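**Student:** What follows is the file work01.cif, containing mmCIF, C-alpha atoms and all ligand atoms:
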data_protein
loop_
_atom_site.label_atom_id
_atom_site.label_comp_id
_atom_site.auth_asym_id
_atom_site.auth_seq_id
_atom_site.Cartn_x
_atom_site.Cartn_y
_atom_site.Cartn_z
CA MET N 23 68.88 -13.59 -7.69
CA ARG N 24 65.28 -12.37 -7.55
CA SER N 25 64.48 -8.80 -6.57
CA VAL N 26 61.65 -7.91 -4.20
CA ALA N 27 60.29 -4.46 -3.34
CA ILE N 28 58.56 -4.11 0.04
CA VAL N 29 56.32 -1.10 0.59
CA GLY N 30 56.30 -0.14 4.29
CA ALA N 31 59.02 -0.69 6.92
CA GLY N 32 56.79 -1.53 9.90
CA LEU N 33 57.35 -4.82 11.74
CA SER N 34 55.54 -6.81 9.04
CA GLY N 35 57.71 -5.44 6.23
CA LEU N 36 60.94 -5.77 8.24
CA ALA N 37 60.19 -9.39 9.19
CA ALA N 38 59.34 -10.19 5.55
CA ALA N 39 62.63 -8.65 4.38
CA HIS N 40 64.68 -10.89 6.70
CA THR N 41 62.71 -14.00 5.73
CA LEU N 42 63.52 -13.35 2.06
CA LEU N 43 67.16 -12.51 2.74
CA ASP N 44 67.57 -15.68 4.80
CA VAL N 45 67.00 -17.73 1.62
CA ASP N 46 70.42 -18.43 0.25
CA ASN N 47 70.81 -21.58 -1.77
CA THR N 48 71.95 -22.51 -5.23
CA ASP N 49 68.43 -22.35 -6.69
CA ASN N 50 67.25 -19.18 -5.09
CA SER N 51 68.23 -16.00 -3.28
CA TYR N 52 66.73 -12.54 -2.97
CA SER N 53 67.72 -8.90 -3.04
CA VAL N 54 65.25 -6.78 -1.07
CA THR N 55 64.55 -3.04 -1.09
CA LEU N 56 62.14 -1.51 1.41
CA PHE N 57 60.32 1.77 0.72
CA GLU N 58 59.16 3.77 3.73
CA LYS N 59 57.31 7.08 3.58
CA SER N 60 58.45 8.19 7.04
CA ASN N 61 61.94 9.29 8.06
CA GLU N 62 62.29 6.26 10.34
CA VAL N 63 61.33 2.61 10.45
CA GLY N 64 58.80 0.90 12.73
CA GLY N 65 55.43 2.27 11.56
CA ARG N 66 53.03 2.11 14.49
CA ALA N 67 55.78 0.74 16.76
CA ALA N 68 56.75 4.37 17.27
CA THR N 69 58.68 6.28 19.93
CA ARG N 70 59.24 10.02 20.42
CA THR N 71 61.90 11.76 22.51
CA ARG N 72 60.89 15.30 23.42
CA ALA N 73 61.76 17.66 26.29
CA GLY N 74 63.52 14.84 28.15
CA PHE N 75 60.51 12.48 27.89
CA ILE N 76 60.62 9.21 25.91
CA TYR N 77 57.23 7.72 25.02
CA ASP N 78 55.60 5.19 22.73
CA HIS N 79 52.85 7.21 21.06
CA GLY N 80 51.68 4.18 19.05
CA ALA N 81 51.84 0.58 20.25
CA GLN N 82 52.55 0.15 23.96
CA TYR N 83 54.36 -3.15 24.29
CA ILE N 84 54.89 -6.49 22.54
CA LYS N 85 53.06 -9.59 23.69
CA GLU N 86 54.64 -13.01 23.57
CA GLY N 87 53.83 -14.47 20.18
CA THR N 88 54.87 -17.78 18.69
CA PRO N 89 58.24 -19.21 19.79
CA LEU N 90 59.64 -17.97 16.46
CA SER N 91 58.60 -14.33 16.87
CA LEU N 92 59.61 -14.37 20.55
CA SER N 93 63.05 -15.69 19.61
CA LEU N 94 63.47 -12.92 17.03
CA ILE N 95 62.81 -10.34 19.76
CA THR N 96 64.74 -11.98 22.57
CA GLU N 97 67.62 -13.51 20.58
CA ARG N 98 68.26 -12.65 16.93
CA PHE N 99 67.34 -8.95 17.15
CA ARG N 100 67.89 -8.62 20.88
CA ALA N 101 68.69 -5.09 22.06
CA PRO N 102 70.61 -4.65 25.32
CA ASP N 103 67.84 -2.51 26.82
CA LEU N 104 65.01 -5.03 26.34
CA ILE N 105 62.64 -4.98 29.34
CA ASP N 106 59.61 -6.86 30.59
CA ILE N 107 57.19 -4.37 32.18
CA GLN N 108 56.72 -5.74 35.67
CA LYS N 109 53.63 -4.06 37.07
CA PRO N 110 50.25 -5.47 35.99
CA ILE N 111 47.45 -3.94 33.93
CA TRP N 112 44.21 -3.22 35.76
CA ILE N 113 40.79 -2.63 34.22
CA PHE N 114 38.02 -0.02 34.48
CA ASP N 115 34.45 0.30 33.24
CA GLY N 116 32.30 3.07 31.77
CA ASP N 117 31.46 4.33 35.28
CA GLY N 118 35.16 4.66 36.12
CA HIS N 119 35.18 1.71 38.51
CA ILE N 120 38.80 0.42 38.69
CA GLN N 121 39.64 -3.17 39.62
CA GLU N 122 42.35 -5.80 39.29
CA GLY N 123 42.88 -7.24 35.80
CA ASP N 124 43.08 -10.81 34.55
CA GLN N 125 45.84 -12.51 36.57
CA LYS N 126 46.70 -15.02 33.85
CA GLN N 127 47.07 -12.32 31.19
CA ASN N 128 49.18 -10.28 33.59
CA GLN N 129 51.61 -13.16 33.96
CA GLU N 130 52.51 -12.92 30.26
CA GLN N 131 55.54 -10.85 29.31
CA LYS N 132 54.98 -7.24 28.27
CA LEU N 133 58.11 -6.58 26.23
CA ASN N 134 59.52 -3.14 25.53
CA TYR N 135 62.83 -1.25 25.58
CA ARG N 136 64.15 1.41 27.93
CA SER N 137 64.79 3.59 24.85
CA GLY N 138 61.30 2.95 23.41
CA LEU N 139 59.47 0.41 21.32
CA VAL N 140 60.96 1.68 18.06
CA THR N 141 64.20 -0.04 19.17
CA LEU N 142 62.99 -3.40 17.87
CA ALA N 143 62.41 -1.94 14.39
CA CYS N 144 65.83 -0.21 14.49
CA GLN N 145 67.49 -3.52 15.39
CA MET N 146 65.67 -5.27 12.55
CA ALA N 147 66.52 -2.48 10.07
CA LYS N 148 70.28 -2.92 10.50
CA GLY N 149 71.91 -4.03 7.25
CA LEU N 150 68.71 -3.75 5.19
CA SER N 151 68.38 -1.59 2.10
CA ILE N 152 65.68 0.94 3.05
CA GLN N 153 64.64 4.03 1.11
CA LEU N 154 63.31 6.32 3.83
CA GLU N 155 61.11 9.35 3.12
CA THR N 156 59.89 7.64 -0.05
CA ARG N 157 56.12 7.44 -0.27
CA ILE N 158 55.12 5.02 -3.00
CA LYS N 159 52.22 6.59 -4.82
CA ARG N 160 51.50 3.98 -7.46
CA VAL N 161 52.87 0.78 -8.96
CA GLN N 162 52.79 -0.59 -12.48
CA ARG N 163 52.81 -4.15 -13.78
CA ILE N 164 55.19 -4.51 -16.72
CA PRO N 165 56.28 -7.70 -18.54
CA THR N 166 59.52 -7.89 -16.51
CA GLY N 167 57.88 -7.35 -13.11
CA TRP N 168 56.86 -4.31 -11.06
CA GLN N 169 57.79 -0.66 -11.22
CA LEU N 170 57.17 1.72 -8.35
CA PHE N 171 56.68 5.49 -8.45
CA ASP N 172 56.99 7.89 -5.53
CA ASP N 173 55.21 11.20 -4.92
CA ALA N 174 57.77 13.09 -6.99
CA GLY N 175 57.28 10.69 -9.92
CA THR N 176 60.68 9.01 -9.43
CA GLU N 177 60.68 5.49 -10.81
CA TYR N 178 62.10 2.42 -8.99
CA GLY N 179 62.64 -1.05 -10.36
CA PRO N 180 61.69 -3.18 -12.11
CA PHE N 181 61.43 -5.72 -9.29
CA ASP N 182 60.44 -9.35 -9.81
CA SER N 183 58.00 -9.26 -6.91
CA LEU N 184 56.18 -6.69 -4.81
CA LEU N 185 55.03 -7.02 -1.19
CA ILE N 186 52.62 -4.39 0.19
CA THR N 187 52.48 -4.13 3.99
CA LEU N 188 50.27 -1.06 4.54
CA PRO N 189 47.05 -0.76 6.53
CA ALA N 190 44.35 -1.99 4.11
CA PRO N 191 42.79 1.43 3.33
CA GLN N 192 46.22 2.80 2.36
CA ALA N 193 47.05 -0.33 0.38
CA SER N 194 43.72 0.05 -1.42
CA GLN N 195 44.43 3.71 -2.30
CA LEU N 196 47.82 2.67 -3.68
CA ILE N 197 46.26 -0.04 -5.86
CA GLN N 198 43.52 2.34 -7.07
CA ARG N 199 46.22 4.73 -8.38
CA SER N 200 48.17 1.89 -10.03
CA GLN N 201 48.28 0.31 -13.46
CA LEU N 202 47.55 -3.40 -13.51
CA ASP N 203 45.03 -5.76 -15.04
CA GLN N 204 41.62 -4.15 -14.42
CA ALA N 205 39.86 -7.30 -13.22
CA LEU N 206 42.70 -8.04 -10.80
CA GLN N 207 42.71 -4.43 -9.61
CA SER N 208 38.95 -4.55 -8.85
CA SER N 209 39.29 -7.87 -7.01
CA ILE N 210 42.18 -6.58 -4.86
CA ILE N 211 40.24 -3.43 -3.94
CA GLN N 212 37.18 -5.51 -3.07
CA GLN N 213 39.21 -7.88 -0.85
CA LEU N 214 41.05 -5.04 0.93
CA GLY N 215 37.70 -3.28 1.48
CA ALA N 216 36.72 -5.95 4.02
CA ALA N 217 39.17 -4.50 6.56
CA ARG N 218 37.95 -1.59 8.70
CA TYR N 219 40.24 0.50 10.88
CA ASN N 220 39.38 2.60 13.92
CA PRO N 221 41.11 5.94 14.44
CA LEU N 222 42.81 6.70 17.75
CA ILE N 223 43.98 9.89 19.44
CA SER N 224 46.92 9.47 21.84
CA VAL N 225 47.50 12.26 24.39
CA ILE N 226 50.76 12.55 26.32
CA LEU N 227 50.85 14.43 29.63
CA GLY N 228 54.25 15.09 31.24
CA TYR N 229 54.45 16.19 34.89
CA GLN N 230 57.34 17.68 36.83
CA VAL N 231 56.44 15.43 39.75
CA GLN N 232 55.16 11.87 39.31
CA PRO N 233 51.42 11.34 39.77
CA ARG N 234 50.45 9.12 42.71
CA VAL N 235 52.11 5.68 42.61
CA ARG N 236 49.61 2.94 41.74
CA PRO N 237 49.76 -0.86 42.02
CA TYR N 238 49.46 -1.09 38.21
CA TYR N 239 51.37 0.13 35.15
CA ALA N 240 48.28 0.80 33.04
CA LEU N 241 44.49 0.73 32.98
CA VAL N 242 42.36 -0.62 30.16
CA ASN N 243 38.65 -0.02 29.65
CA THR N 244 37.06 -3.44 29.18
CA ASP N 245 33.36 -2.61 28.61
CA LYS N 246 34.17 -0.05 25.85
CA GLN N 247 31.81 2.45 27.51
CA HIS N 248 34.43 5.03 28.55
CA ALA N 249 35.92 7.84 26.39
CA ILE N 250 39.36 6.70 27.56
CA SER N 251 40.37 3.27 26.31
CA TRP N 252 43.90 3.05 27.78
CA LEU N 253 45.84 5.00 30.39
CA ALA N 254 49.49 4.16 31.07
CA TRP N 255 52.06 5.40 33.55
CA GLU N 256 54.77 5.60 30.88
CA HIS N 257 57.54 6.32 33.44
CA GLU N 258 56.86 2.85 34.95
CA LYS N 259 58.43 1.31 31.82
CA SER N 260 61.84 2.57 32.97
CA PRO N 261 63.21 5.57 34.90
CA GLU N 262 65.28 6.70 31.87
CA ARG N 263 62.06 7.69 30.11
CA VAL N 264 61.53 10.86 32.15
CA PRO N 265 63.70 13.57 33.74
CA PRO N 266 64.54 12.79 37.41
CA GLY N 267 61.38 12.77 39.57
CA ALA N 268 59.08 13.51 36.60
CA GLY N 269 56.08 11.47 35.47
CA LEU N 270 54.40 10.78 32.13
CA LEU N 271 50.84 9.65 31.52
CA LEU N 272 49.90 8.29 28.11
CA VAL N 273 46.20 8.30 27.26
CA GLN N 274 44.54 6.57 24.31
CA MET N 275 41.02 7.67 23.50
CA ALA N 276 38.23 5.30 22.44
CA PRO N 277 37.26 4.98 18.73
CA ALA N 278 34.03 7.05 19.02
CA TYR N 279 35.77 9.88 20.89
CA SER N 280 38.74 9.77 18.49
CA LYS N 281 36.47 9.85 15.42
CA GLN N 282 34.52 12.79 16.84
CA HIS N 283 37.66 14.80 17.68
CA MET N 284 39.91 14.10 14.68
CA GLU N 285 39.53 17.75 13.57
CA THR N 286 39.26 19.36 17.04
CA ALA N 287 42.11 21.72 18.03
CA ALA N 288 44.86 19.81 19.87
CA LEU N 289 44.80 22.10 22.92
CA THR N 290 41.03 21.62 23.36
CA VAL N 291 41.41 17.83 23.22
CA ILE N 292 44.39 17.85 25.61
CA GLU N 293 42.49 19.96 28.18
CA ASP N 294 39.43 17.72 27.91
CA VAL N 295 41.56 14.58 28.30
CA GLU N 296 43.30 16.05 31.36
CA ARG N 297 39.88 16.55 32.99
CA GLN N 298 38.75 13.03 32.10
CA VAL N 299 41.96 11.49 33.49
CA SER N 300 41.64 13.43 36.78
CA THR N 301 38.03 12.25 37.14
CA LEU N 302 38.87 8.62 36.39
CA LEU N 303 41.78 8.60 38.84
CA GLN N 304 40.06 10.82 41.41
CA GLU N 305 43.37 12.62 41.63
CA ASP N 306 44.06 16.35 41.39
CA LEU N 307 46.75 16.40 38.75
CA PRO N 308 48.92 19.52 38.42
CA GLU N 309 49.34 21.50 35.20
CA PRO N 310 51.46 19.33 32.83
CA VAL N 311 54.90 20.71 31.95
CA PHE N 312 54.81 18.93 28.61
CA THR N 313 52.01 17.72 26.34
CA ASP N 314 51.80 16.06 22.95
CA LEU N 315 49.04 14.60 20.80
CA GLN N 316 49.07 12.06 17.99
CA HIS N 317 46.24 11.30 15.56
CA TRP N 318 46.31 7.73 14.26
CA ARG N 319 43.90 7.64 11.33
CA TYR N 320 44.38 3.90 10.85
CA ALA N 321 45.21 2.71 14.36
CA LEU N 322 43.76 -0.76 14.85
CA PRO N 323 41.73 -2.98 12.54
CA ALA N 324 38.17 -3.51 13.84
CA GLU N 325 37.50 -5.93 10.98
CA LYS N 326 40.05 -7.97 9.07
CA ALA N 327 40.53 -8.79 5.38
CA ASP N 328 41.23 -12.34 4.18
CA ALA N 329 44.88 -12.69 3.19
CA GLN N 330 44.49 -16.27 1.90
CA THR N 331 41.94 -15.28 -0.74
CA LEU N 332 43.71 -12.05 -1.68
CA ASN N 333 47.20 -13.53 -1.99
CA ALA N 334 45.88 -16.57 -3.90
CA LEU N 335 44.70 -14.02 -6.52
CA THR N 336 47.85 -11.93 -6.60
CA LEU N 337 50.79 -14.29 -5.93
CA PRO N 338 50.78 -15.67 -9.52
CA GLN N 339 51.50 -12.04 -10.55
CA GLY N 340 54.40 -11.73 -8.08
CA LEU N 341 52.32 -9.49 -5.81
CA ALA N 342 51.45 -10.12 -2.15
CA PHE N 343 49.95 -8.35 0.87
CA CYS N 344 50.70 -8.70 4.58
CA GLY N 345 50.31 -6.75 7.81
CA ASP N 346 47.86 -6.31 10.64
CA ALA N 347 44.88 -5.75 8.30
CA PHE N 348 44.75 -9.54 7.92
CA VAL N 349 45.59 -10.77 11.41
CA GLY N 350 44.49 -8.10 13.91
CA GLY N 351 46.20 -5.11 15.49
CA ARG N 352 49.10 -6.66 17.37
CA LEU N 353 52.81 -6.24 16.74
CA HIS N 354 53.69 -9.91 17.08
CA LEU N 355 50.84 -10.87 14.71
CA ALA N 356 51.96 -8.33 12.07
CA LEU N 357 55.53 -9.60 12.38
CA GLU N 358 54.46 -13.25 12.11
CA HIS N 359 52.28 -12.44 9.09
CA GLY N 360 55.23 -10.78 7.33
CA ILE N 361 57.15 -14.03 7.79
CA ALA N 362 54.26 -16.26 6.66
CA VAL N 363 53.44 -14.29 3.49
CA SER N 364 57.08 -13.94 2.41
CA GLN N 365 57.41 -17.73 2.84
CA GLN N 366 54.42 -18.10 0.49
CA LEU N 367 56.13 -15.81 -1.99
CA ILE N 368 59.31 -17.91 -1.76
CA ALA N 369 57.24 -21.08 -2.30
CA THR N 370 55.94 -19.74 -5.64
CA HIS N 371 59.56 -19.72 -6.90
CA ARG N 372 60.30 -23.35 -6.07
C1 LIG E 1 47.87 3.75 19.30
C2 LIG E 1 48.18 2.32 19.01
C3 LIG E 1 48.36 1.42 20.05
C4 LIG E 1 48.68 0.10 19.80
N1 LIG E 1 48.97 -0.73 20.85
C5 LIG E 1 49.48 -1.95 20.62
C6 LIG E 1 50.04 -2.72 21.68
O1 LIG E 1 50.12 -2.27 22.82
N2 LIG E 1 50.51 -3.95 21.39
C7 LIG E 1 50.50 -4.44 20.11
O2 LIG E 1 50.95 -5.58 19.91
N3 LIG E 1 50.01 -3.72 19.08
C8 LIG E 1 49.53 -2.48 19.29
N4 LIG E 1 49.10 -1.70 18.26
C9 LIG E 1 49.01 -2.29 16.91
C10 LIG E 1 50.38 -2.40 16.21
O3 LIG E 1 51.08 -1.19 16.33
C11 LIG E 1 50.16 -2.74 14.74
O4 LIG E 1 49.32 -3.86 14.64
C12 LIG E 1 51.47 -3.05 14.03
O5 LIG E 1 52.42 -2.03 14.27
C13 LIG E 1 51.22 -3.19 12.54
O6 LIG E 1 52.44 -3.38 11.86
P1 LIG E 1 52.46 -3.34 10.28
O7 LIG E 1 53.86 -3.56 9.86
O8 LIG E 1 51.40 -4.24 9.76
O9 LIG E 1 51.96 -1.86 9.89
P2 LIG E 1 52.65 -0.45 10.19
O10 LIG E 1 53.41 -0.48 11.46
O11 LIG E 1 51.58 0.57 10.03
O12 LIG E 1 53.70 -0.31 8.99
C14 LIG E 1 53.34 0.17 7.72
C15 LIG E 1 54.45 1.13 7.26
O13 LIG E 1 54.14 1.58 5.94
C16 LIG E 1 54.49 2.95 5.83
N5 LIG E 1 53.73 3.49 4.70
C17 LIG E 1 52.40 3.79 4.64
N6 LIG E 1 52.08 4.19 3.39
C18 LIG E 1 53.22 4.14 2.64
C19 LIG E 1 53.52 4.40 1.26
N7 LIG E 1 52.57 4.79 0.40
N8 LIG E 1 54.80 4.24 0.84
C20 LIG E 1 55.78 3.83 1.71
N9 LIG E 1 55.55 3.56 3.01
C21 LIG E 1 54.28 3.70 3.47
C22 LIG E 1 54.13 3.53 7.18
O14 LIG E 1 54.82 4.74 7.44
C23 LIG E 1 54.56 2.38 8.12
O15 LIG E 1 55.91 2.53 8.54
C24 LIG E 1 48.77 -0.36 18.47
C25 LIG E 1 48.58 0.53 17.41
C26 LIG E 1 48.30 1.86 17.68
C27 LIG E 1 48.17 2.84 16.54
#
Give the structure from this file in structure tokens form.
**Tutor:**
Amino acid sequence: MRSVAIVGAGLSGLAAAHTLLDVDNTDNSYSVTLFEKSNEVGGRAATRTRAGFIYDHGAQYIKEGTPLSLSLITERFRAPDLIDIQKPIWIFDGDGHIQEGDQKQNQEQKLNYRSGLVTLACQMAKGLSIQLETRIKRVQRIPTGWQLFDDAGTEYGPFDSLLITLPAPQASQLIQRSQLDQALQSSIIQQLGAARYNPLISVILGYQVQPRVRPYYALVNTDKQHAISWLAWEHEKSPERVPPGAGLLLVQMAPAYSKQHMETAALTVIEDVERQVSTLLQEDLPEPVFTDLQHWRYALPAEKADAQTLNALTLPQGLAFCGDAFVGGRLHLALEHGIAVSQQLIATHR
């Protein structure tokens, strides 16, 4: 049995873990341990429950991917509260002009869960060996494989192989702090450096009474000229997400705005966003009864790194990288990449 350590329990890491554990034949099988810095799984597929409101402060919904990833969501890891968001997404421009969105795109499923998007990760995490609240600070290549060290200096391993599933800038920081062949270390850092992430501020506005009912579930800014990039009526996902009669707007700010306001006091940003939302909707919104704000430092990759080149360098050392840094910022793509890269890792052992 070969041992594999996976750093990061987002959808990419979770999908990789199952792909490895599915191998069970006389020549090969795997034991897998995931290390996750947070106190829950899912990474950017994240949900919060506060003051009676349930909201996805990271990713909003899952698109239909390949038949394989769709079957994982709708069959193998199916949760009873899986939903397809029915209302369409409309678009707006920098001048705040709102119009109907792409009809074809709106016909595709927008998958989510009444209890929040994190449900998929929780379903996938069942039965896996996951060390939560364990931030891997550095790794070390030793003759028998890989050792991992957390923030407190605790040592894990050795593992035969190591799979890193972090956003590229975080993966790069981890490699910079690690001990491995210097030439390989420089090459990995150079490859990971090709990926660039945009930050994103999410603002959550809870209202005692629902804002005006609209023919759409969400609005997306298509010309990238508005400070707001996404505005969703979160209570449209399912009535269980808000107290009776209440409403919840979820606002994602554009990269330039988010970059500019990363250090601005939360209350100042929330008040500014409230004003911007009212103007865009031409609706007098009441004082929210609940607000929240989330800074995503590495939200979505604006530029990708090349996984083929990177993993061709590292796989002979039992090291591999996967995640949205290589395929673009979509849940189904991160999940599919976790599967593809772990299959490559398995292939090196045949
Ligand atoms: C605001 C926002 C909106 C989005 N909207 C959508 C959407 O509507 N639809 C969609 O398909 N996609 C969306 N995305 C993109 C999607 O969320 C990501 O592409 C996807 O979640 C990436 O999965 P991943 O497993 O590659 O990375 P992650 O989900 O980031 O997983 C990496 C994991 O590693 C952990 N970690 C980090 N450092 C360490 C360490 N040193 N040690 C241990 N663990 C560590 C993290 O806590 C995290 O759990 C959105 C993202 C954001 C932020």
**Student:** Considering all atoms listed in the file, give me a table of residues in chain N that are at most 6 Å from ligand LIG 1 (chain E), with the closest atom pair and distance in Å for each, as JSON lines.
**Tutor:**
{"residue": "N:Val29", "atom": "CA", "partner": "E:LIG1", "partner_atom": "C20", "distance": 5.1}
{"residue": "N:Gly30", "atom": "CA", "partner": "E:LIG1", "partner_atom": "O13", "distance": 3.2}
{"residue": "N:Ala31", "atom": "CA", "partner": "E:LIG1", "partner_atom": "O15", "distance": 4.8}
{"residue": "N:Gly32", "atom": "CA", "partner": "E:LIG1", "partner_atom": "O12", "distance": 3.4}
{"residue": "N:Leu33", "atom": "CA", "partner": "E:LIG1", "partner_atom": "O7", "distance": 4.2}
{"residue": "N:Ser34", "atom": "CA", "partner": "E:LIG1", "partner_atom": "O7", "distance": 3.7}
{"residue": "N:Gly35", "atom": "CA", "partner": "E:LIG1", "partner_atom": "O7", "distance": 5.6}
{"residue": "N:Phe57", "atom": "CA", "partner": "E:LIG1", "partner_atom": "C20", "distance": 5.1}
{"residue": "N:Glu58", "atom": "CA", "partner": "E:LIG1", "partner_atom": "N9", "distance": 3.7}
{"residue": "N:Lys59", "atom": "CA", "partner": "E:LIG1", "partner_atom": "N9", "distance": 4.0}
{"residue": "N:Ser60", "atom": "CA", "partner": "E:LIG1", "partner_atom": "O14", "distance": 5.0}
{"residue": "N:Val63", "atom": "CA", "partner": "E:LIG1", "partner_atom": "O15", "distance": 5.7}
{"residue": "N:Gly64", "atom": "CA", "partner": "E:LIG1", "partner_atom": "O15", "distance": 5.3}
{"residue": "N:Gly65", "atom": "CA", "partner": "E:LIG1", "partner_atom": "O15", "distance": 3.1}
{"residue": "N:Arg66", "atom": "CA", "partner": "E:LIG1", "partner_atom": "O10", "distance": 4.0}
{"residue": "N:Ala67", "atom": "CA", "partner": "E:LIG1", "partner_atom": "O5", "distance": 5.0}
{"residue": "N:Gly80", "atom": "CA", "partner": "E:LIG1", "partner_atom": "C1", "distance": 3.8}
{"residue": "N:Ala81", "atom": "CA", "partner": "E:LIG1", "partner_atom": "N1", "distance": 3.2}
{"residue": "N:Gln82", "atom": "CA", "partner": "E:LIG1", "partner_atom": "O1", "distance": 3.6}
{"residue": "N:Tyr83", "atom": "CA", "partner": "E:LIG1", "partner_atom": "O1", "distance": 4.6}
{"residue": "N:Ile84", "atom": "CA", "partner": "E:LIG1", "partner_atom": "O2", "distance": 4.8}
{"residue": "N:Lys85", "atom": "CA", "partner": "E:LIG1", "partner_atom": "O2", "distance": 5.9}
{"residue": "N:Thr156", "atom": "CA", "partner": "E:LIG1", "partner_atom": "C20", "distance": 5.9}
{"residue": "N:Arg157", "atom": "CA", "partner": "E:LIG1", "partner_atom": "N8", "distance": 3.6}
{"residue": "N:Ile158", "atom": "CA", "partner": "E:LIG1", "partner_atom": "N8", "distance": 3.9}
{"residue": "N:Lys159", "atom": "CA", "partner": "E:LIG1", "partner_atom": "N7", "distance": 5.5}
{"residue": "N:Thr187", "atom": "CA", "partner": "E:LIG1", "partner_atom": "C14", "distance": 5.8}
{"residue": "N:Leu188", "atom": "CA", "partner": "E:LIG1", "partner_atom": "C14", "distance": 4.6}
{"residue": "N:Pro189", "atom": "CA", "partner": "E:LIG1", "partner_atom": "O11", "distance": 5.9}
{"residue": "N:Trp318", "atom": "CA", "partner": "E:LIG1", "partner_atom": "C27", "distance": 5.7}
{"residue": "N:Ala321", "atom": "CA", "partner": "E:LIG1", "partner_atom": "C27", "distance": 3.7}
{"residue": "N:Leu322", "atom": "CA", "partner": "E:LIG1", "partner_atom": "C25", "distance": 5.6}
{"residue": "N:Gly345", "atom": "CA", "partner": "E:LIG1", "partner_atom": "O8", "distance": 3.4}
{"residue": "N:Asp346", "atom": "CA", "partner": "E:LIG1", "partner_atom": "O8", "distance": 4.2}
{"residue": "N:Gly351", "atom": "CA", "partner": "E:LIG1", "partner_atom": "O4", "distance": 3.5}
{"residue": "N:Arg352", "atom": "CA", "partner": "E:LIG1", "partner_atom": "O2", "distance": 3.3}
{"residue": "N:Leu353", "atom": "CA", "partner": "E:LIG1", "partner_atom": "O2", "distance": 3.7}
{"residue": "N:His354", "atom": "CA", "partner": "E:LIG1", "partner_atom": "O2", "distance": 5.9}
{"residue": "N:Ala356", "atom": "CA", "partner": "E:LIG1", "partner_atom": "O8", "distance": 4.7}
**Student:** Could you give me, as a list of chain:residue names, the residues within 9 Å of Met284 of chain N, counting all atoms listed in the file and dropping anything in the same chain fewer than 5 positions from it?
**Tutor:**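 The residues satisfying every condition are N:Pro221, N:Leu222, N:Ile223, N:Tyr279, N:His317, N:Arg319.
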**Student:** Of the candidates N:Leu90, N:Val161, N:Ala254, N:Ala190, which shows the shortest atom-to-atom distance to Gln212 of chain N, using only C-alpha atoms?
**Tutor:**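 Smallest distance to Gln212 of chain N is found for N:Ala190.
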**Student:** Neighbours of Leu150 of chain N within 8 Å (all atoms listed in the file; same-chain residues fewer than 3 positions away dropped), as a CSV table (one decimal) with C-alpha atoms, keeping the file's coordinate frame?
**Tutor:**
chain,number,residue,atom,x,y,z
N,39,ALA,CA,62.6,-8.6,4.4
N,54,VAL,CA,65.2,-6.8,-1.1
N,55,THR,CA,64.6,-3.0,-1.1
N,56,LEU,CA,62.1,-1.5,1.4
N,147,ALA,CA,66.5,-2.5,10.1
**Student:** So that I can check the surroundings of Val45 of chain N, please list as a list in words every protein, DNA and RNA residue that reaches within 12 Å of it, counting all atoms listed in the file and ignoring chain neighbours fewer than 5 positions away.
**Tutor:** Met23, Arg24, Ala38, Ala39, His40, Asn50, Ser51, Tyr52, Ser53, Val54, Ser364, Gln365, Leu367, Ile368, Ala369, His371 and Arg372 of chain N
**Student:** Around all listed atoms of segment 214-230 of chain N, padded 5 Å per side, what centre and edge lengths does the axis-aligned box have in Å to one decimal, as lines of an AutoDock Vina configuration file?
**Tutor:**
center_x = 47.0
center_y = 5.9
center_z = 18.9
size_x = 30.6
size_y = 33.6
size_z = 45.9
**Student:** Could you check which of N:Cys344, N:Glu258, N:Val291, N:Thr166 is closest to Leu357 of chain N, using all atoms listed in the file?
**Tutor:**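 The closest residue to Leu357 of chain N is N:Cys344.
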**Student:** Could you tell me how far atom CA of Trp168 of chain N lies from atom CA of Ser183 of chain N, in Å and to one decimal?
**Tutor:**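 Atom CA of Ser183 of chain N lies 6.6 Å from atom CA of Trp168 of chain N.
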**Student:** When you draw a straight line from atom CA of Phe312 of chain N to atom CA of Leu227 of chain N, how long is it in Å?
**Tutor:** 6.1 Å
**Student:** Just want the 6 Å neighbourhood of Gln169 of chain N, counted on only C-alpha atoms, with same-chain residues fewer than 5 positions away dropped. Output as a list of chain:residue names.
**Tutor:**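 Final neighbour list, sorted by chain and number: N:Val161, N:Gln162, N:Tyr178, N:Gly179, N:Pro180.
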**Student:** In terms of the shortest atom-to-atom distance over all atoms listed in the file, which of N:Asp115, N:Leu335, N:Pro102, N:Lys326 is closest to Leu206 of chain N?
**Tutor:**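 So, comparing all the options, the nearest one is N:Leu335.
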**Student:** Using only C-alpha atoms, which of the listed residues (N:Leu302, N:Ala287, N:Ala37, N:Val235) sits closest to Gly118 of chain N?
**Tutor:**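 Of N:Leu302, N:Ala287, N:Ala37, N:Val235, the one nearest Gly118 of chain N, counting only C-alpha atoms, is N:Leu302.
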**Student:** Please identify all polymer residues within 10 Å of Glu130 of chain N, counting only C-alpha atoms, omitting same-chain residues fewer than 5 positions from it, and present them as a ChimeraX atom specification.
**Tutor:** /N:85-86,106-108,110,125
**Student:** Of the candidates N:Thr41, N:Gln282, N:Gln207, N:Gln304, which one gets nearest to Met146 of chain N if we count all atoms listed in the file?
**Tutor:**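 Result for the nearest residue to Met146 of chain N: N:Thr41.
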**Student:** Atom CA of Phe348 of chain N to atom CA of Ile95 of chain N: how many Å, to one decimal?
**Tutor:** 21.6 Å
**Student:** Looking at only C-alpha atoms, which of N:Asp314, N:Glu293, N:Asp306, N:Glu177 is the one that sits closest to Leu272 of chain N?
**Tutor:** N:Asp314
**Student:** Counting all atoms listed in the file, write as a PyMOL selection string all protein and nucleic acid residues lying at most 12 Å from (72.3, -7.4, 20.8) in the file's frame.
**Tutor:** chain N and resi 94-104+141-142+144-146+148
